[in-house]
$ cat final.json   # JSON, C-alpha atoms
[["chain", "number", "residue", "atom", "x", "y", "z"],
["J", 1, "MET", "CA", 1.47, -50.84, -36.43],
["J", 2, "ALA", "CA", 2.74, -50.95, -32.83],
["J", 3, "ASN", "CA", 5.40, -48.34, -33.68],
["J", 4, "THR", "CA", 2.73, -46.02, -35.10],
["J", 5, "VAL", "CA", 0.66, -46.34, -31.91],
["J", 6, "ILE", "CA", 3.73, -45.66, -29.76],
["J", 7, "GLN", "CA", 4.70, -42.66, -31.91],
["J", 8, "LYS", "CA", 1.16, -41.20, -31.75],
["J", 9, "SER", "CA", 1.14, -41.73, -27.99],
["J", 10, "ALA", "CA", 4.49, -39.93, -27.66],
["J", 11, "GLU", "CA", 3.24, -37.04, -29.84],
["J", 12, "LYS", "CA", 0.11, -36.71, -27.71],
["J", 13, "ALA", "CA", 2.24, -36.67, -24.54],
["J", 14, "VAL", "CA", 4.39, -33.84, -25.92],
["J", 15, "GLU", "CA", 1.31, -31.87, -27.01],
["J", 16, "SER", "CA", -0.28, -32.29, -23.55],
["J", 17, "ALA", "CA", 2.98, -31.23, -21.88],
["J", 18, "ILE", "CA", 3.15, -28.10, -24.06],
["J", 19, "ALA", "CA", -0.44, -27.18, -23.18],
["J", 20, "ALA", "CA", 0.29, -27.68, -19.45],
["J", 21, "ALA", "CA", 3.55, -25.69, -19.66],
["J", 22, "LEU", "CA", 1.70, -22.72, -21.16],
["J", 23, "GLY", "CA", -0.03, -22.10, -17.84],
["J", 24, "GLY", "CA", -2.14, -19.02, -18.50],
["J", 25, "ARG", "CA", -0.16, -17.89, -21.54],
["J", 26, "SER", "CA", -1.55, -17.79, -25.06],
["J", 27, "ILE", "CA", 0.04, -18.82, -28.32],
["J", 28, "VAL", "CA", -0.44, -15.72, -30.45],
["J", 29, "LEU", "CA", -0.30, -16.07, -34.23],
["J", 30, "VAL", "CA", 0.76, -12.95, -36.13],
["J", 31, "GLY", "CA", 1.29, -12.23, -39.79],
["J", 32, "MET", "CA", -0.33, -10.76, -42.86],
["J", 33, "MET", "CA", -3.84, -11.61, -43.99],
["J", 34, "GLY", "CA", -3.58, -14.79, -46.02],
["J", 35, "ALA", "CA", -0.74, -16.23, -43.91],
["J", 36, "GLY", "CA", -3.04, -18.93, -42.54],
["J", 37, "LYS", "CA", -3.43, -17.72, -38.95],
["J", 38, "SER", "CA", -7.03, -18.91, -38.59],
["J", 39, "SER", "CA", -6.78, -22.25, -40.37],
["J", 40, "ILE", "CA", -3.40, -23.18, -38.86],
["J", 41, "GLY", "CA", -4.50, -21.80, -35.50],
["J", 42, "ARG", "CA", -7.59, -24.03, -35.39],
["J", 43, "ARG", "CA", -5.49, -27.10, -36.11],
["J", 44, "LEU", "CA", -2.82, -26.12, -33.58],
["J", 45, "ALA", "CA", -5.42, -25.53, -30.85],
["J", 46, "ALA", "CA", -7.06, -28.89, -31.59],
["J", 47, "ARG", "CA", -3.71, -30.69, -31.37],
["J", 48, "LEU", "CA", -2.87, -29.00, -28.06],
["J", 49, "GLY", "CA", -6.37, -29.46, -26.66],
["J", 50, "ILE", "CA", -6.83, -25.75, -25.93],
["J", 51, "PRO", "CA", -9.36, -23.22, -27.29],
["J", 52, "PHE", "CA", -8.88, -21.33, -30.55],
["J", 53, "VAL", "CA", -9.91, -17.67, -30.66],
["J", 54, "ASP", "CA", -9.92, -15.41, -33.71],
["J", 55, "ALA", "CA", -9.47, -11.77, -32.66],
["J", 56, "ASP", "CA", -11.17, -10.48, -35.82],
["J", 57, "SER", "CA", -14.31, -12.52, -35.05],
["J", 58, "GLU", "CA", -14.28, -11.26, -31.46],
["J", 59, "ILE", "CA", -13.97, -7.66, -32.69],
["J", 60, "GLU", "CA", -16.92, -8.14, -35.05],
["J", 61, "ASN", "CA", -19.00, -9.67, -32.24],
["J", 62, "ALA", "CA", -18.13, -6.83, -29.85],
["J", 63, "ALA", "CA", -18.91, -4.15, -32.47],
["J", 64, "GLY", "CA", -21.99, -5.84, -33.92],
["J", 65, "MET", "CA", -20.66, -5.21, -37.43],
["J", 66, "THR", "CA", -18.08, -6.58, -39.85],
["J", 67, "ILE", "CA", -14.53, -5.25, -40.00],
["J", 68, "PRO", "CA", -15.15, -3.60, -43.42],
["J", 69, "GLU", "CA", -18.23, -1.91, -41.91],
["J", 70, "ILE", "CA", -16.17, -0.67, -38.93],
["J", 71, "PHE", "CA", -13.54, 0.74, -41.31],
["J", 72, "ALA", "CA", -16.20, 2.41, -43.49],
["J", 73, "LYS", "CA", -18.20, 3.88, -40.63],
["J", 74, "HIS", "CA", -15.51, 4.80, -38.09],
["J", 75, "GLY", "CA", -12.12, 4.61, -39.84],
["J", 76, "GLU", "CA", -8.94, 2.70, -39.14],
["J", 77, "PRO", "CA", -7.82, 4.51, -35.92],
["J", 78, "TYR", "CA", -11.15, 3.64, -34.27],
["J", 79, "PHE", "CA", -10.83, 0.03, -35.42],
["J", 80, "ARG", "CA", -7.22, -0.25, -34.18],
["J", 81, "ALA", "CA", -8.13, 1.13, -30.74],
["J", 82, "GLY", "CA", -10.96, -1.40, -30.42],
["J", 83, "GLU", "CA", -8.70, -4.17, -31.70],
["J", 84, "ALA", "CA", -6.10, -3.38, -29.00],
["J", 85, "ARG", "CA", -8.78, -3.48, -26.27],
["J", 86, "VAL", "CA", -10.19, -6.80, -27.50],
["J", 87, "ILE", "CA", -6.75, -8.44, -27.73],
["J", 88, "ALA", "CA", -5.86, -7.20, -24.22],
["J", 89, "ARG", "CA", -9.08, -8.78, -22.92],
["J", 90, "LEU", "CA", -8.50, -12.03, -24.82],
["J", 91, "LEU", "CA", -4.94, -12.35, -23.47],
["J", 92, "GLU", "CA", -6.45, -12.68, -19.98],
["J", 93, "ASN", "CA", -8.04, -15.99, -21.01],
["J", 94, "GLY", "CA", -5.10, -18.28, -21.76],
["J", 95, "PRO", "CA", -4.11, -20.88, -22.46],
["J", 96, "GLN", "CA", -5.45, -20.57, -25.98],
["J", 97, "VAL", "CA", -4.33, -20.15, -29.55],
["J", 98, "LEU", "CA", -5.13, -16.57, -30.56],
["J", 99, "ALA", "CA", -5.12, -15.49, -34.21],
["J", 100, "THR", "CA", -4.64, -11.73, -34.54],
["J", 101, "GLY", "CA", -5.41, -9.38, -37.40],
["J", 102, "GLY", "CA", -2.52, -8.48, -39.68],
["J", 103, "GLY", "CA", -2.02, -5.00, -38.22],
["J", 104, "ALA", "CA", -2.69, -5.77, -34.55],
["J", 105, "ILE", "CA", 0.97, -6.28, -33.69],
["J", 106, "MET", "CA", 1.88, -2.81, -34.99],
["J", 107, "ASP", "CA", 0.53, -1.35, -31.72],
["J", 108, "GLN", "CA", 3.39, -1.20, -29.18],
["J", 109, "ARG", "CA", 1.12, -1.83, -26.17],
["J", 110, "THR", "CA", -0.33, -4.89, -27.87],
["J", 111, "ARG", "CA", 3.20, -6.19, -28.59],
["J", 112, "ASP", "CA", 4.17, -5.62, -24.96],
["J", 113, "LEU", "CA", 1.09, -7.48, -23.70],
["J", 114, "ILE", "CA", 1.72, -10.38, -26.06],
["J", 115, "ARG", "CA", 5.33, -10.57, -24.85],
["J", 116, "ILE", "CA", 4.15, -10.74, -21.23],
["J", 117, "LYS", "CA", 1.11, -13.00, -21.64],
["J", 118, "GLY", "CA", 1.94, -15.09, -24.65],
["J", 119, "ILE", "CA", 4.30, -16.70, -27.09],
["J", 120, "SER", "CA", 4.19, -15.02, -30.48],
["J", 121, "ILE", "CA", 4.52, -16.98, -33.69],
["J", 122, "TRP", "CA", 4.94, -15.20, -37.02],
["J", 123, "LEU", "CA", 3.45, -17.17, -39.87],
["J", 124, "LYS", "CA", 5.77, -15.74, -42.49],
["J", 125, "ALA", "CA", 4.46, -16.02, -46.03],
["J", 126, "ASP", "CA", 6.01, -14.79, -49.26],
["J", 127, "LEU", "CA", 4.23, -12.03, -51.16],
["J", 128, "ASP", "CA", 3.12, -14.33, -54.00],
["J", 129, "VAL", "CA", 1.53, -16.75, -51.50],
["J", 130, "LEU", "CA", -0.28, -13.91, -49.72],
["J", 131, "LEU", "CA", -1.58, -12.41, -52.96],
["J", 132, "ARG", "CA", -2.78, -15.77, -54.23],
["J", 133, "ARG", "CA", -4.58, -16.54, -50.97],
["J", 134, "THR", "CA", -6.18, -13.10, -50.55],
["J", 135, "LYS", "CA", -7.21, -12.67, -54.19],
["J", 136, "ARG", "CA", -10.20, -14.92, -53.49],
["J", 137, "ARG", "CA", -11.40, -12.68, -50.66],
["J", 138, "ASN", "CA", -13.02, -9.35, -51.35],
["J", 139, "ASP", "CA", -14.34, -8.82, -47.82],
["J", 140, "ARG", "CA", -11.09, -7.58, -46.27],
["J", 141, "PRO", "CA", -10.07, -3.93, -46.05],
["J", 142, "LEU", "CA", -6.51, -3.18, -47.18],
["J", 143, "ALA", "CA", -6.19, -6.41, -49.22],
["J", 144, "GLU", "CA", -4.99, -4.39, -52.20],
["J", 145, "LYS", "CA", -2.30, -2.79, -50.04],
["J", 146, "ILE", "CA", -0.43, -6.00, -49.15],
["J", 147, "LYS", "CA", 2.52, -5.03, -51.32],
["J", 148, "ASP", "CA", 2.88, -1.75, -49.41],
["J", 149, "LEU", "CA", 2.12, -3.15, -45.95],
["J", 150, "LEU", "CA", 4.40, -6.18, -46.04],
["J", 151, "PRO", "CA", 7.73, -4.27, -45.96],
["J", 152, "GLN", "CA", 6.40, -2.04, -43.16],
["J", 153, "ARG", "CA", 5.16, -4.91, -41.02],
["J", 154, "GLU", "CA", 7.83, -7.55, -41.55],
["J", 155, "PRO", "CA", 10.43, -5.94, -39.21],
["J", 156, "VAL", "CA", 7.81, -5.90, -36.43],
["J", 157, "TYR", "CA", 6.61, -9.45, -37.17],
["J", 158, "ALA", "CA", 10.27, -10.55, -37.06],
["J", 159, "GLN", "CA", 10.37, -9.68, -33.35],
["J", 160, "SER", "CA", 8.14, -12.70, -32.68],
["J", 161, "ASP", "CA", 9.36, -15.50, -30.43],
["J", 162, "ILE", "CA", 9.04, -18.07, -33.23],
["J", 163, "VAL", "CA", 9.05, -17.69, -37.03],
["J", 164, "VAL", "CA", 7.51, -20.42, -39.18],
["J", 165, "GLN", "CA", 7.30, -20.26, -42.96],
["J", 166, "SER", "CA", 3.68, -20.48, -44.14],
["J", 167, "ARG", "CA", 3.72, -21.98, -47.60],
["J", 168, "ASP", "CA", 1.75, -24.22, -49.90],
["J", 169, "GLU", "CA", 2.11, -27.34, -47.77],
["J", 170, "PRO", "CA", -0.60, -29.13, -45.83],
["J", 171, "HIS", "CA", -1.46, -27.06, -42.77],
["J", 172, "ASP", "CA", -0.74, -30.07, -40.56],
["J", 173, "THR", "CA", 2.90, -29.96, -41.73],
["J", 174, "ILE", "CA", 3.16, -26.36, -40.54],
["J", 175, "VAL", "CA", 1.43, -27.27, -37.26],
["J", 176, "ASP", "CA", 4.01, -30.07, -36.79],
["J", 177, "GLU", "CA", 6.80, -27.50, -37.25],
["J", 178, "ILE", "CA", 5.23, -25.16, -34.69],
["J", 179, "ILE", "CA", 4.79, -27.96, -32.16],
["J", 180, "ALA", "CA", 8.43, -28.99, -32.67],
["J", 181, "THR", "CA", 9.61, -25.47, -31.72],
["J", 182, "LEU", "CA", 7.28, -24.85, -28.77],
["J", 183, "PRO", "CA", 8.93, -26.93, -26.00],
["J", 184, "GLN", "CA", 11.95, -24.62, -25.76],
["J", 185, "HIS", "CA", 9.66, -21.57, -25.58],
["J", 186, "VAL", "CA", 7.38, -22.90, -22.84],
["J", 187, "GLY", "CA", 10.16, -23.92, -20.48],
["J", 188, "MET", "CA", 10.11, -27.64, -21.16],
["J", 189, "GLU", "CA", 13.44, -29.41, -20.90],
["J", 190, "SER", "CA", 14.92, -30.04, -24.31],
["J", 191, "ARG", "CA", 15.35, -33.69, -25.09],
["J", 192, "PRO", "CA", 18.29, -35.05, -27.09]]
$ encode --input "final.json" --output "structure tokens"
Amino acid sequence: MANTVIQKSAEKAVESAIAAALGGRSIVLVGMMGAGKSSIGRRLAARLGIPFVDADSEIENAAGMTIPEIFAKHGEPYFRAGEARVIARLLENGPQVLATGGGAIMDQRTRDLIRIKGISIWLKADLDVLLRRTKRRNDRPLAEKIKDLLPQREPVYAQSDIVVQSRDEPHDTIVDEIIATLPQHVGMESRP
């Protein structure tokens, strides 16, 4: 029992130190729809004691319509331009955990801003996992194009600071893996 309390206390200290070491930077989750960016992001933010922000929700709030409605009414280029503006604005508000849309990182300026103002984490998920997770959702544009989009996007996602495999494990396991990799990326001294 005492060991568990000591271990939890040590984990909390590391999580607090990571949050402090971020300064004004954001932890930016990238990856395909269905990779778990929102659900893992919420848990990660809670563990670090910093806000969680979902870029897609912010885009919908700014536009006053859903993403499928934006695509239908204005088209993808309009959506992508608005997405880039919203992410640029959100990156001014760190520290936070920011979940981005699957295609957001394809914009070079967005990638550059994330590199300057954040730490990018690719939640890499295999095609079968993505298809299984997105099959339940009919409200997303491009869901049927995952097979085509994945090979195009993976080389760009692979430029992320950290790569973590998103798989059928409890999300807290994946959050633990992210937290274990963060100290070296936020400038904390590595401990033996």
$ closest_residue --input "final.json" --among "J:Leu98, J:Met33, J:Ile87, J:Ala13" --to "J:Arg132" --atoms "only C-alpha atoms"
J:Met33
$ closest_residue --input "final.json" --among "J:Gln152, J:Thr173, J:Ser160, J:Ser166" --to "J:Asp126" --atoms "only C-alpha atoms"
J:Ser166
$ residues_around --input "final.json" --residues "stretch 36-40 of chain J" --least-positions-apart "4" --cutoff "7 Å" --atoms "all atoms listed in the file" --output "PDB file with C-alpha atoms, in the coordinates of the input"
ATOM      1  CA  LEU J  29      -0.300 -16.070 -34.230  1.00  0.00           C
ATOM      2  CA  VAL J  30       0.760 -12.950 -36.130  1.00  0.00           C
ATOM      3  CA  LEU J  44      -2.820 -26.120 -33.580  1.00  0.00           C
ATOM      4  CA  ASP J  54      -9.920 -15.410 -33.710  1.00  0.00           C
ATOM      5  CA  ALA J  99      -5.120 -15.490 -34.210  1.00  0.00           C
ATOM      6  CA  LEU J 123       3.450 -17.170 -39.870  1.00  0.00           C
ATOM      7  CA  HIS J 171      -1.460 -27.060 -42.770  1.00  0.00           C
ATOM      8  CA  VAL J 175       1.430 -27.270 -37.260  1.00  0.00           C
TER       9      VAL J 175
END
$ atom_distance --input "final.json" --atom1 "atom CA of J:Leu22" --atom2 "atom CA of J:Ile174"
19.8 Å
$ atom_distance --input "final.json" --atom1 "atom CA of J:Asn61" --atom2 "atom CA of J:Asn93"
16.9 Å
$ closest_residue --input "final.json" --among "J:Met32, J:Ala19, J:Leu131, J:Ala45" --to "J:Gly102" --atoms "only C-alpha atoms"
J:Met32
$ closest_residue --input "final.json" --among "J:Ile119, J:Leu127, J:Ala88, J:Ala72" --to "J:Ala21" --atoms "only C-alpha atoms"
J:Ile119
$ closest_residue --input "final.json" --among "J:Met106, J:Ile70, J:Ile121, J:Ile116" --to "J:Pro155" --atoms "all atoms listed in the file"
J:Met106
$ residues_around --input "final.json" --residues "J:Gly24" --least-positions-apart "3" --cutoff "10 Å" --atoms "all atoms listed in the file" --output "VMD selection string"
chain J and resid 19 to 21 91 to 96 117 to 118
$ closest_residue --input "final.json" --among "J:Leu182, J:Ile146, J:Lys124, J:Arg133" --to "J:Gly31" --atoms "all atoms listed in the file"
J:Lys124
$ atom_distance --input "final.json" --atom1 "atom CA of J:Arg89" --atom2 "atom CA of J:Thr181"
26.6 Å
$ residues_around --input "final.json" --residues "J:Ser16" --least-positions-apart "5" --cutoff "10 Å" --atoms "all atoms listed in the file" --output "PyMOL selection string"
chain J and resi 10-11+21+47-50
$ residues_around --input "final.json" --residues "J:Arg109" --least-positions-apart "4" --cutoff "12 Å" --atoms "only C-alpha atoms" --output "VMD selection string"
chain J and resid 80 to 81 83 to 85 87 to 88 104 to 105 113 to 116
